[in-house]
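Below you'll find the structure, written out as structure tokens, and then a few comments.
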Amino acid sequence: MAKQKLVVIGAGMASGRVLEHLTDAAPDAFDITLFNAEPRGNYNRIMLSPVLAGDQTYADIVTHDEAWYAERAITCRFGEKVLEIDRDAKIVVGANGHVPYDQLIFGTGSDPFMIPLPGHDLDGVIAYRDLEDTERMMGLQPGQKCVVIGGGLLGLEAAAGMAARGVDVTVVHIMGHLMERQLDEAAGYLLRKSLEDKGITICLQANSKEIVGRDGQVKALMLDDGTELPCDLLVMAVGIRPSVALAKTAGLAVGRGIHVDDQMGTSDGAIFAVGECVEHNGAIFGLVAPLYDQARVLAQTLLGEKAAFVQKTLSTKLKVTGCDLFSAGDFADGETREDIVFRDPARGIYKRLVIEENRLVGAVMYGDTGDGNWFFQLIKDGTDIEEMRETLIFGPSMQGGPAPDPLSAVAALPRDAEICGCNGVCKGIIVDAIEGGAGDLGAVRGATKASASCGTCTGLVEQLLQVTLGDGFELPSAQPICGCCDLTHEDVRRLIKTTPLKSQEAVWQELGWSTRNGCHVCRPAVNFYLLADWPLEYQDDPQSRFINERKHANIQKDGTFSVVPRMWGGITNPSELRAIADAADKYNVPTVKVTGGQRIDLLGVKGEDLPGIWADLNRAGLVSGHAYSKGLRTVKTCVGTDHCRFGTQDSTGLGIKLEQALWGSWTPHKVKLGVSGCPRNCAEATCKDIGIICVDSGYQVSVGGAAGMDVKETERLCDVATEAEAIEVTIAFTQLYRENAKYLDRAYKWVAKVGLDWVQERVADLDERASLVAAFELSQSIYRKDPWAEHVAEKAEAYQPMADLTLEAAE
Ligand SMILES: Cc1cc2nc3c(=O)[nH]c(=O)nc-3n(C[C@H](O)[C@H](O)[C@H](O)COP(=O)(O)OP(=O)(O)OC[C@H]3O[C@@H](n4cnc5c(N)ncnc54)[C@H](O)[C@@H]3O)c2cc1C
Ligand code: SF4
């Protein structure tokens with residue numbers, strides 16, 4: 001069958017998505033021609049703001065490059081505007097010639113609205129819509145002046161981006177507060193304050209009268225009260241209008257936008273429209289999330305599948321670092337509506353929930369938006385909130401469930417919960433992609449598009465990676481530690497040491513954290529850095545630990561826990577085994593398993609039984625095996641000279657000594673050791689973080705092995721003659737790793753970054769080795785302790801089911 005001729009007008013975000021769906025599902029169904037008035041193909045328009053702010057480059061935001069179009073045999077006519085459509089002849093007339101079509105798609109987007117003030121046509125008066133506008137703003141030098149008319153999302157992103165470049169920016173807004181369509185007055189006030197802190201001047205209730213120029217170039221904006229605001233560039237960001245002129249001349253039904261039905265069909269059966277240029281059931285669109293829904297529906301329609309576009313509630317976030325705001329639903333006042341408001345002026349936090357007939361219909365938050373997605377889900381689901389009304393404003397952590405833990409919150413979300421609003425990607429799709437091999441943020445973005453647009457759901461996607469991959473998850477390198485600050489892990493580590501900073505509060509304050517208390521990503525890292533660098537001054541913060549470390553047991557997929565007692569160097573005895581068997585009987589442990597690290601795992605223990613089972617095991621002399629920790633896990637040994645014909649040294653004895661020296665230590669990631677009594681290497685020591693092979697002449701110490709997501713053989717650190725030296729070198733290496741590695745970097749990754757030579761030099765220098773050992777011992781004098789015994793003695797009641805607590809709170 002001959003291919004259908006498909007012509008697309010506009011290489012925008014909506015039509016680009018249609019082409020992706022179409023060419024993925026039916027690569028040979030259409031012969032496609034793509035017109036674009038811009039001299040380029042598809043890029044992520046919403047990321048122009050990070051480009052402006054200098055956080056990204058244009059190359060970073062290109063979504064479809066030349067190769068992409070070539071692979072799909074799409075004929076590109078970029079830089080060519082479509083001037084006319086002959087619907088009878090089914091021909092599109094471009095500036096450089098015409099093209100026939102069987103089906104035609106309008107994806108012409110919007111035209112920025114320019115207020116027809118005197119002087120609006122001067123050079124230097126621009127909109128904020130495309131790369132050219134962005135480049136114009138980027139061309140301003142520090143100290144030059146810019147006026148932005150419009151205090152909405154776009155105007156503020158433009159203002160913040162230019163201010164970040166040192167430009168002197170004034171925002172002129174006609175209303176009484178900023179972003180009045182998304183925020184109420186209180187939140188608008190906080191936003192204004194934080195923009196002013198960035199050096200931006202804000203003029204509210206300011207009416208523009210005239211744009212003043214000289215020699216055809218803009219010089220100032222004059223307000224109607226006579227104030228003159230000098231400027232080298234004037235950006236108008238006052239709104240957009242669907243781009244309908246072409247559709248109108250072609251005779252299509254057009255209102256505010258091109259009229260479309262649920263299948264994105266226009267009044268002409270062969271013509272469709274998607275994106276900001278359409279009007280659907282009276283609504284027009286200005287954010288990408290609904291456009292992407294439209295794109296999916298249109299692609300399905302063109303492929304003959306059944307699909308219908310449904311309008312959904314939307315949420316908004318501002319992409320300005322340090323301005324944490326969230327707004328969703330409808331928060332206008334109304335007789336049947338009630339508000340719940342929370343304010344904390346000292347911390348600049350404001351939250352307002354709007355309730356109608358026991359349902360949440362709107363939410364506005366400033367300063368602490370961590371629960372935004374949860375509120376948004378309640379709005380979309382129309383959940384009856386009567387039961388949780390008292391504690392609703394405090395978010396999901398106060399709804400009678402377990403203590404706040406972002407990971408358990410994400411783990412508990414249903415598969416169909418939406419994670420990426422822009423791209424409409426739900427949890428199930430992301431988890432499937434991760435399980436299918438997408439092991440980092442980039443891969444998840446590639447496979448699902450989640451977090452690939454405005455990026456505000458990146459934290460959630462990272463949490464899903466963490467929940468799904470467990471220990472296999474590693475934070476990407478050379479990026480800010482998280483969305484709370486702009487510093488990398490390395491910078492934060494350096495500043496904690498040199499500034500010096502000895503508490504979390506000092507870190508948040510001095511390093512300019514944009515959140516009140518950090519987040520699930522930075523808190524565990526900062527907690528580790530502080531305790532590694534300042535063991536005497538800093539107090540470990542359990543709330544900054546992942547759930548397994550907080551509970552001192554591994555949480556399993558059914559919500560029960562697995563308990564692993566330590567077995568020093570893999571050695572046990574009948575009375576320990578008896579105690580383990582008794583504990584398994586007493587607490588109805590369904591599975592008892594021998595682990596790969598020579599220990600016994602009691603799987604399926606209920607949370608409330610943890611203190612009991614720990615106390616019983618403690619009584620038999622067993623302590624926590626830290627099987628859950630970013631710290632020392634096991635020292636695997638072979639039987640060595642005691643029993644084996646080949647052993648040259650007492651590998652089991654050395655393993656026990658090493659485990660007793662290192663246990664309880666916290667490290668950037670888990671640490672596993674192996675000690676083999678001869679080169680036959682029965683303990684598989686050469687795929688551990690630290691492996692020791694005993695040989696006739698002494699001990700070969702090697703480091704940086706792995707046998708997880710990556711499999712890697714260790715590299716020789718050094719050879720030593722005595723057992724004491726082997727222990728010393730092992731401790732020195734561990735401390736070096738603790739002092740220098742990025743949190744969640746396994747030892748092999750860290751060694752690869754700093755170079756084995758560097759590590760060898762540090763450890764070979766006897767003074768340095770001694771001071772590393774001393775620093776490690778100092779830290780161990782505080783942290784070498786059994787957390788099970790501690791929790792049994794001090795916190796046992798915290799493990800009881802939460803139900804009783806809920807009752808007390810309600811009473
Ligand atoms: C700076 C900025 C930041 C934004 N931030 C966000 C955000 O954080 N979140 C969010 O959801 N949305 C954001 N948006 C809005 C979002 O970018 C738009 O909703 C989206 O790009 C609209 O997609 P579209 O395909 O309808 O149109 P567009 O992406 O605008 O594409 C339309 C294309 O059609 C071309 N065209 C028009 N007429 C013709 C013609 N006659 N012939 C040939 N080509 C033609 C245009 O040149 C243009 O390239 C932002 C927009 C901007 C400008
Ligand atoms: S590694 Fe060597 S000493 Fe150890 S059990 Fe194997 S053969 Fe024996």
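The way I read the labels, and the way they are meant: chains A, B, ... in the order of the structure tokens, residue 1 as the first residue of every chain, and ligand 1 as the first ligand shown, with later ones counted on from there.
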So which residues touch Gly329 (chain A) within 9 Å, counting only C-alpha atoms, skipping near sequence neighbours fewer than 3 positions away, as JSON, numbers by chain? {"A": [313, 314, 315, 354, 360, 361, 362, 363, 364, 376, 379, 380]}
Enumerate as an NGL selection string the residues within 8 Å of ligand 1, counting only C-alpha atoms and all ligand atoms. :A and (9-16 or 35-38 or 41-42 or 44-49 or 78-83 or 94 or 107-111 or 128-130 or 134 or 153-154 or 157-158 or 243 or 246 or 274-277 or 285-289 or 291 or 316-319 or 422 or 453-454)
For Thr652 (chain A), work out the shell of residues within 9 Å, counting only C-alpha atoms and skipping chain neighbours fewer than 2 positions away, then give it as a PyMOL selection string. chain A and resi 569-571+636-642+649-650+654-657+675-677
Per residue of region 324-348 of chain A within 10 Å of region 173-194 of chain A, note the shortest atom pair and the distance in Å to one decimal, counting only C-alpha atoms, and order the rows by chain and increasing residue number, as a Markdown table.
```
| residue | atom | partner | partner_atom | distance |
| --- | --- | --- | --- | --- |
| A:Asp324 | CA | A:Leu191 | CA | 8.5 |
| A:Leu325 | CA | A:Leu191 | CA | 8.0 |
| A:Phe326 | CA | A:Leu183 | CA | 8.5 |
| A:Ser327 | CA | A:Gln182 | CA | 6.0 |
| A:Ala328 | CA | A:Gln182 | CA | 7.8 |
| A:Gly329 | CA | A:Gln182 | CA | 9.1 |
| A:Asp330 | CA | A:Gln182 | CA | 8.8 |
| A:Phe331 | CA | A:Asp184 | CA | 7.9 |
| A:Ala332 | CA | A:Asp184 | CA | 8.5 |
| A:Arg343 | CA | A:Ala186 | CA | 9.3 |
| A:Pro345 | CA | A:Leu190 | CA | 9.1 |
| A:Gly348 | CA | A:Leu190 | CA | 6.7 |
```
Would you mind writing down, as number ranges by chain, each residue of region 54-95 of chain A that DSSP on the backbone assigns to helix (DSSP H, G or I)? A: 58-61, 66-71
Skipping near chain neighbours, those fewer than 6 positions away, what residues fall within 6 Å of Val147 (chain A) using only C-alpha atoms, listed as a list in words?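 Everything that qualifies: Val169, Thr170, Val171, Cys231 and Leu234 of chain A.
Across the model, the gap from CA of Val701 (chain A) to CA of Ser651 (chain A) is 12.7 Å.
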As a list in words, please: the residues near Met709 (chain A) (cut-off 7 Å, only C-alpha atoms, same-chain neighbours under 2 positions excluded).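 With the cut-off at 7 Å, the set is Gly472, Ala707 and Val711 of chain A.
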What's around Ile429 (chain A) at 8 Å? Count only C-alpha atoms, leave out sequence neighbours fewer than 3 positions away in its own chain, and write the answer as JSON, numbers by chain. {"A": [415, 425, 426, 432, 433, 448]}
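Remark: for ligand 2, the closest of the candidate residues A:Tyr699, A:Phe776, A:Phe646, A:Tyr743 is A:Phe646 (distances computed over only C-alpha atoms and all ligand atoms).
The shortest atom-to-atom distance to ligand 2, with only C-alpha atoms and all ligand atoms taken into account, belongs to A:Cys682 out of A:Leu298, A:Ala796, A:Cys682, A:Ala747.
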Identify, on the basis of only C-alpha atoms, every residue whose closest approach to Ala706 (chain A) does not exceed 6 Å; exclude the query and any residue fewer than 6 positions from it along the same chain; express the result as a PyMOL selection string. chain A and resi 687-688+712
Produce a file of the selected residues containing all heavy atoms, as a compact mmCIF listing (two decimals), in the first residue's frame.
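The new file out11.txt reads:
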```
# COMPACT_ATOMS: atom_id res chain seq x y z
N CYS A 687 36.94 -10.01 44.36
CA CYS A 687 35.81 -9.20 43.82
C CYS A 687 35.16 -8.43 44.97
O CYS A 687 33.98 -8.13 44.93
CB CYS A 687 34.81 -10.07 43.07
SG CYS A 687 34.07 -11.33 44.08
N LYS A 688 35.95 -8.13 45.99
CA LYS A 688 35.43 -7.39 47.15
C LYS A 688 35.97 -5.95 47.13
O LYS A 688 36.86 -5.63 46.35
CB LYS A 688 35.89 -8.07 48.45
CG LYS A 688 35.41 -9.52 48.57
CD LYS A 688 33.95 -9.58 48.94
CE LYS A 688 33.46 -10.97 49.21
NZ LYS A 688 33.13 -11.73 47.98
N LYS A 712 33.93 -6.51 38.82
CA LYS A 712 35.26 -5.97 38.62
C LYS A 712 36.25 -6.66 39.54
O LYS A 712 35.95 -6.91 40.72
CB LYS A 712 35.21 -4.46 38.94
CG LYS A 712 36.37 -3.70 38.40
CD LYS A 712 36.32 -2.23 38.75
CE LYS A 712 37.71 -1.65 38.64
NZ LYS A 712 38.67 -2.18 39.60
```
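Here the question is which of A:Arg619, A:Lys248, A:Arg241, A:Arg645 gets nearest to ligand 2 using only C-alpha atoms and all ligand atoms, and that residue is A:Arg645.
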Secondary structure check, strand (DSSP E or B) residues of region 48-288 of chain A, as a VMD selection string: chain A and resid 62 75 to 78 82 to 86 91 to 94 97 to 100 103 to 106 110 to 112 123 125 to 127 145 to 149 168 to 172 201 to 203 208 to 214 217 to 223 228 to 230 233 to 236 240 to 242 254 258 to 260 265 271 to 273 278 to 280 283
